[in-house]
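Dumped work_31.cif below, it's mmCIF, C-alpha atoms:
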```
data_run
loop_
_atom_site.label_atom_id
_atom_site.label_comp_id
_atom_site.auth_asym_id
_atom_site.auth_seq_id
_atom_site.Cartn_x
_atom_site.Cartn_y
_atom_site.Cartn_z
CA MET Y 1 0.00 0.00 0.00
CA LYS Y 2 2.98 2.37 0.58
CA ILE Y 3 4.00 1.79 -3.06
CA ILE Y 4 0.52 2.77 -4.26
CA LYS Y 5 0.63 5.93 -2.12
CA SER Y 6 3.98 6.84 -3.68
CA TYR Y 7 2.46 6.48 -7.16
CA MET Y 8 -0.44 8.73 -6.19
CA ASP Y 9 1.90 11.38 -4.74
CA VAL Y 10 3.83 11.49 -8.02
CA LEU Y 11 0.59 11.76 -10.00
CA LYS Y 12 -0.54 14.62 -7.82
CA GLN Y 13 2.66 16.59 -8.47
CA TYR Y 14 2.32 16.20 -12.24
CA ILE Y 15 -1.29 17.30 -12.20
CA ILE Y 16 -0.52 20.41 -10.12
CA ASN Y 17 2.42 21.56 -12.30
CA PRO Y 18 1.08 22.70 -15.71
CA ARG Y 19 4.55 22.61 -17.33
CA ASN Y 20 4.86 18.94 -16.58
CA ARG Y 21 1.42 18.20 -18.03
CA LYS Y 22 2.53 19.41 -21.48
CA TYR Y 23 5.20 16.84 -22.17
CA LYS Y 24 4.81 13.96 -19.73
CA ILE Y 25 1.34 12.64 -20.51
CA SER Y 26 2.79 9.29 -21.55
CA LEU Y 27 4.64 8.93 -18.25
CA LEU Y 28 1.45 9.75 -16.38
CA SER Y 29 -0.40 7.07 -18.33
CA GLY Y 30 2.31 4.58 -17.47
CA LEU Y 31 2.11 5.44 -13.79
CA ILE Y 32 -1.66 5.08 -13.79
CA ILE Y 33 -1.47 1.69 -15.50
CA GLY Y 34 1.28 0.60 -13.13
CA CYS Y 35 -0.74 1.68 -10.10
CA ILE Y 36 -3.81 -0.22 -11.32
CA GLY Y 37 -1.71 -3.30 -12.09
CA LEU Y 38 -0.02 -3.26 -8.69
CA THR Y 39 -3.38 -2.92 -6.95
CA PHE Y 40 -4.63 -5.95 -8.85
CA VAL Y 41 -1.54 -8.00 -7.97
CA LEU Y 42 -1.74 -7.12 -4.27
CA SER Y 43 -5.44 -7.97 -4.25
CA SER Y 44 -4.66 -11.31 -5.89
CA LYS Y 45 -2.04 -12.12 -3.25
CA ALA Y 46 -4.49 -11.29 -0.46
CA THR Y 47 -6.91 -13.74 -2.05
CA ASP Y 48 -4.14 -16.36 -2.14
CA GLN Y 49 -3.61 -15.94 1.60
CA GLU Y 50 -7.33 -16.27 2.27
CA ASP Y 51 -7.50 -19.45 0.17
CA ILE Y 52 -4.54 -20.90 2.09
CA GLN Y 53 -6.18 -20.18 5.46
CA GLU Y 54 -9.47 -21.71 4.33
CA GLY Y 55 -7.66 -24.80 3.06
CA ILE Y 56 -5.88 -25.24 6.39
CA ALA Y 57 -9.12 -24.65 8.32
CA SER Y 58 -10.90 -27.38 6.34
CA GLN Y 59 -8.47 -29.96 7.70
CA ILE Y 60 -8.22 -29.12 11.41
CA ILE Y 61 -10.39 -28.84 14.52
CA ARG Y 62 -9.32 -26.51 17.30
CA PHE Y 63 -9.97 -26.62 21.04
CA HIS Y 64 -11.24 -23.40 22.64
CA VAL Y 65 -11.73 -22.86 26.39
CA LEU Y 66 -13.22 -19.60 27.63
CA ALA Y 67 -12.87 -18.56 31.27
CA ASN Y 68 -15.75 -17.15 33.30
CA SER Y 69 -13.89 -13.83 33.69
CA ASP Y 70 -10.43 -12.28 33.67
CA SER Y 71 -10.01 -12.55 37.44
CA LYS Y 72 -6.86 -14.36 38.52
CA GLU Y 73 -8.95 -17.12 40.12
CA ASP Y 74 -11.11 -17.71 37.03
CA GLN Y 75 -8.06 -17.76 34.78
CA GLU Y 76 -6.35 -20.34 36.98
CA ILE Y 77 -9.54 -22.42 36.97
CA LYS Y 78 -9.66 -22.23 33.17
CA ILE Y 79 -6.15 -23.67 32.86
CA LYS Y 80 -6.94 -26.53 35.23
CA VAL Y 81 -10.18 -27.36 33.41
CA LYS Y 82 -8.34 -27.19 30.09
CA GLN Y 83 -5.68 -29.62 31.25
CA HIS Y 84 -8.25 -32.00 32.70
CA LEU Y 85 -10.21 -32.04 29.44
CA ILE Y 86 -7.06 -32.67 27.43
CA ASP Y 87 -6.42 -35.69 29.66
CA VAL Y 88 -10.02 -36.78 29.06
CA LEU Y 89 -9.94 -36.25 25.29
CA GLU Y 90 -6.63 -37.92 24.54
CA PRO Y 91 -7.77 -41.54 25.12
CA ILE Y 92 -11.15 -41.14 23.38
CA LEU Y 93 -9.51 -39.58 20.31
CA LYS Y 94 -6.47 -41.88 20.11
CA ASP Y 95 -8.07 -44.14 17.49
CA SER Y 96 -9.36 -41.27 15.35
CA THR Y 97 -7.84 -41.46 11.87
CA ASN Y 98 -9.31 -38.39 10.18
CA ILE Y 99 -11.20 -35.17 10.80
CA ASP Y 100 -14.61 -36.80 10.24
CA ASP Y 101 -13.91 -39.44 12.91
CA THR Y 102 -12.76 -36.74 15.31
CA ARG Y 103 -15.87 -34.63 14.69
CA LYS Y 104 -18.15 -37.64 15.21
CA ILE Y 105 -16.41 -38.67 18.44
CA LEU Y 106 -16.63 -35.13 19.80
CA GLN Y 107 -20.32 -34.82 18.90
CA GLU Y 108 -21.09 -38.11 20.63
CA ASN Y 109 -19.18 -37.09 23.77
CA LEU Y 110 -20.26 -33.48 24.29
CA SER Y 111 -22.35 -34.35 27.36
CA TYR Y 112 -19.49 -36.39 28.78
CA ILE Y 113 -17.06 -33.52 28.18
CA GLU Y 114 -19.38 -31.10 29.96
CA GLU Y 115 -19.75 -33.52 32.90
CA GLU Y 116 -15.99 -33.89 33.23
CA ALA Y 117 -15.51 -30.13 33.16
CA VAL Y 118 -18.17 -29.64 35.86
CA LYS Y 119 -16.59 -32.40 37.94
CA LYS Y 120 -13.23 -30.61 37.80
CA LEU Y 121 -14.87 -27.31 38.76
CA GLU Y 122 -16.60 -28.93 41.73
CA GLU Y 123 -13.27 -30.33 42.91
CA MET Y 124 -12.03 -26.74 43.07
CA GLY Y 125 -15.17 -25.50 44.85
CA ASP Y 126 -16.53 -23.73 41.77
CA ASN Y 127 -20.21 -24.09 40.84
CA HIS Y 128 -20.24 -22.47 37.39
CA LYS Y 129 -22.07 -24.23 34.59
CA VAL Y 130 -20.21 -25.48 31.51
CA LYS Y 131 -21.32 -25.64 27.89
CA ALA Y 132 -19.49 -27.72 25.28
CA TYR Y 133 -20.28 -27.63 21.57
CA LEU Y 134 -18.76 -27.70 18.10
CA THR Y 135 -18.87 -24.39 16.28
CA GLN Y 136 -17.10 -22.07 13.85
CA SER Y 137 -14.99 -19.47 15.65
CA TYR Y 138 -12.52 -16.75 14.69
CA PHE Y 139 -8.98 -17.35 15.94
CA PRO Y 140 -6.04 -14.93 15.84
CA ILE Y 141 -2.67 -16.09 14.55
CA LYS Y 142 -1.23 -18.85 16.76
CA THR Y 143 2.28 -20.32 16.89
CA TYR Y 144 3.31 -23.72 18.22
CA GLY Y 145 7.10 -23.94 18.15
CA ASP Y 146 7.95 -23.41 14.46
CA CYS Y 147 4.38 -23.95 13.24
CA THR Y 148 2.17 -20.89 12.80
CA PHE Y 149 -1.54 -21.10 11.99
CA PRO Y 150 -3.00 -18.05 10.20
CA ALA Y 151 -5.85 -16.03 11.67
CA GLY Y 152 -9.33 -16.83 10.45
CA GLU Y 153 -12.44 -18.96 10.95
CA TYR Y 154 -11.93 -22.51 12.20
CA GLU Y 155 -14.12 -25.33 13.44
CA ALA Y 156 -13.61 -25.77 17.16
CA LEU Y 157 -14.67 -27.68 20.23
CA ARG Y 158 -15.73 -24.71 22.36
CA ILE Y 159 -15.89 -24.93 26.14
CA GLU Y 160 -17.63 -22.06 27.93
CA ILE Y 161 -17.16 -21.77 31.69
CA GLY Y 162 -19.84 -19.66 33.41
CA SER Y 163 -20.39 -16.38 31.56
CA ALA Y 164 -17.39 -17.12 29.26
CA LYS Y 165 -16.28 -13.48 29.30
CA GLY Y 166 -12.66 -14.07 30.27
CA LYS Y 167 -9.51 -14.56 28.22
CA ASN Y 168 -9.50 -17.83 26.33
CA TRP Y 169 -7.06 -20.65 25.66
CA TRP Y 170 -6.82 -22.66 22.45
CA CYS Y 171 -4.86 -25.33 20.65
CA VAL Y 172 -5.24 -27.61 17.61
CA LEU Y 173 -7.21 -30.70 18.62
CA TYR Y 174 -7.01 -32.43 15.24
CA PRO Y 175 -4.30 -33.22 14.35
CA ASN Y 176 -3.38 -33.72 18.00
CA LEU Y 177 -1.18 -30.70 18.69
CA CYS Y 178 -2.98 -30.27 22.03
CA PHE Y 179 -1.21 -33.35 23.32
CA ILE Y 180 2.35 -32.21 22.63
CA ASP Y 181 4.78 -30.52 25.03
CA ALA Y 182 2.48 -27.89 26.58
CA THR Y 183 5.35 -25.97 28.17
CA HIS Y 184 7.49 -25.42 25.09
CA ALA Y 185 4.84 -26.12 22.42
CA VAL Y 186 7.33 -28.26 20.51
CA VAL Y 187 5.80 -29.87 17.44
CA PRO Y 188 7.37 -33.31 16.86
CA GLU Y 189 8.30 -34.37 13.35
CA GLU Y 190 5.56 -37.03 13.48
CA GLN Y 191 2.87 -34.35 13.86
CA LYS Y 192 4.48 -32.25 11.13
CA GLU Y 193 4.34 -35.22 8.78
CA GLU Y 194 0.68 -35.69 9.63
CA LEU Y 195 0.01 -32.04 8.80
CA LYS Y 196 1.98 -32.40 5.56
CA GLU Y 197 -0.21 -35.32 4.48
CA LEU Y 198 -3.42 -33.39 5.22
CA LEU Y 199 -2.49 -30.10 3.54
CA THR Y 200 -1.35 -28.93 0.13
CA GLU Y 201 2.30 -28.01 -0.27
CA GLU Y 202 1.49 -24.30 -0.17
CA GLU Y 203 -0.71 -24.66 2.93
CA TYR Y 204 1.99 -26.63 4.73
CA ASP Y 205 4.67 -24.12 3.72
CA SER Y 206 2.44 -21.37 5.09
CA ILE Y 207 2.33 -23.01 8.53
CA LEU Y 208 6.13 -23.26 8.54
CA GLY Y 209 6.49 -19.66 7.34
CA ASN Y 210 7.94 -20.50 3.90
CA VAL Y 211 4.97 -19.33 1.84
CA LYS Y 212 5.59 -15.64 2.63
CA ILE Y 213 8.95 -15.81 0.88
CA LYS Y 214 7.41 -17.59 -2.11
CA LEU Y 215 4.60 -15.05 -2.38
CA ARG Y 216 7.09 -12.17 -2.34
CA PHE Y 217 8.97 -13.65 -5.30
CA ARG Y 218 5.68 -14.27 -7.11
CA LEU Y 219 4.69 -10.65 -6.45
CA PHE Y 220 7.85 -9.34 -8.13
CA ASP Y 221 7.45 -11.80 -10.99
CA ASP Y 222 3.89 -10.58 -11.61
CA ILE Y 223 4.95 -6.93 -11.48
CA LEU Y 224 7.78 -7.56 -13.94
CA GLY Y 225 5.51 -9.70 -16.14
CA ARG Y 226 7.67 -12.82 -15.83
#
```
In structure tokens, write the structure found in this file.
Amino acid sequence: MKIIKSYMDVLKQYIINPRNRKYKISLLSGLIIGCIGLTFVLSSKATDQEDIQEGIASQIIRFHVLANSDSKEDQEIKIKVKQHLIDVLEPILKDSTNIDDTRKILQENLSYIEEEAVKKLEEMGDNHKVKAYLTQSYFPIKTYGDCTFPAGEYEALRIEIGSAKGKNWWCVLYPNLCFIDATHAVVPEEQKEELKELLTEEEYDSILGNVKIKLRFRLFDDILGR
């Protein structure tokens, strides 16, 4: 967008100065065409990024836990409920081989998941209600070790504690990135290979950060007409 602004500033100077208008009409035309072309290219690249995010989102299910509030106590409770549910989910999802299996297992166990969350709350002396359901939610950009998932809409198992107005916690439930090293968020090569099999090459490169470099080169190629 800074490049487009620079083009417009130059155009403005030529229009203001009448002497320049007399003998640089062709240059002005070139600048206008270049500005339009660059706008089209940038718009196309934005569409590419959106397509990549949507492709990634079609192959994963995220896990989303919302705390009752932002109080220190509610946030601590959220983390403990989250960890308990991860321990609950791991064995029931261990035989899941694809996203459809995972979705079906989660749908069939929503009541059980709610019950387990409530049980954990009661152990801590908390009487808030819990709601568990599968939904589409917006997630900001999230990094696990060297894997970064772009911001956008994703399917998620959503856990709401009480009023669900506090800061939330999330991870990728399918493939099972929730069950990796929670402290360092290290993604083992096995999970990376699983992601690689699920995604296109460009989608996988995007998660590892390589697609940005490729898109930059493609941007210059398009501008230069190569």
The PyMOL selection byres ((chain Y and resi 129) around 9) resolved against shown file, as a PyMOL selection string = chain Y and resi 114+117-118+121+127-128+130-131+160-163
Judged by only C-alpha atoms, the minimum distance to Pro91 of chain Y among Y:Asn176, Y:Gln53, Y:Gln59, Y:Thr135 is found for Y:Asn176
If the PyMOL selection byres ((chain Y and resi 165-168) around 12) is run on the structure shown, which residues does it catch, given as a ChimeraX atom specification?
/Y:63-79,81-82,139-140,158-164,169-171
Judged by all atoms listed in the file, the minimum distance to Pro150 of chain Y among Y:Ile56, Y:Leu93, Y:Ile86, Y:Leu177 is found for Y:Ile56
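Among the candidate residues Y:Leu208, Y:Asn109, Y:Lys142, Y:Glu202, the one lying nearest to Gln49 of chain Y is Y:Glu202, with distances computed using only C-alpha atoms.
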| If I put a ball of radius 10 Å at (-5.8, -38.2, 18.2) in the file's coordinates, which residues poke into it when counting all atoms listed in the file, written as a ChimeraX atom specification? | /Y:89-99,101-102,173-179
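For the pair atom CA of Ala57 of chain Y and atom CA of Glu155 of chain Y, the separation is 7.2 Å.
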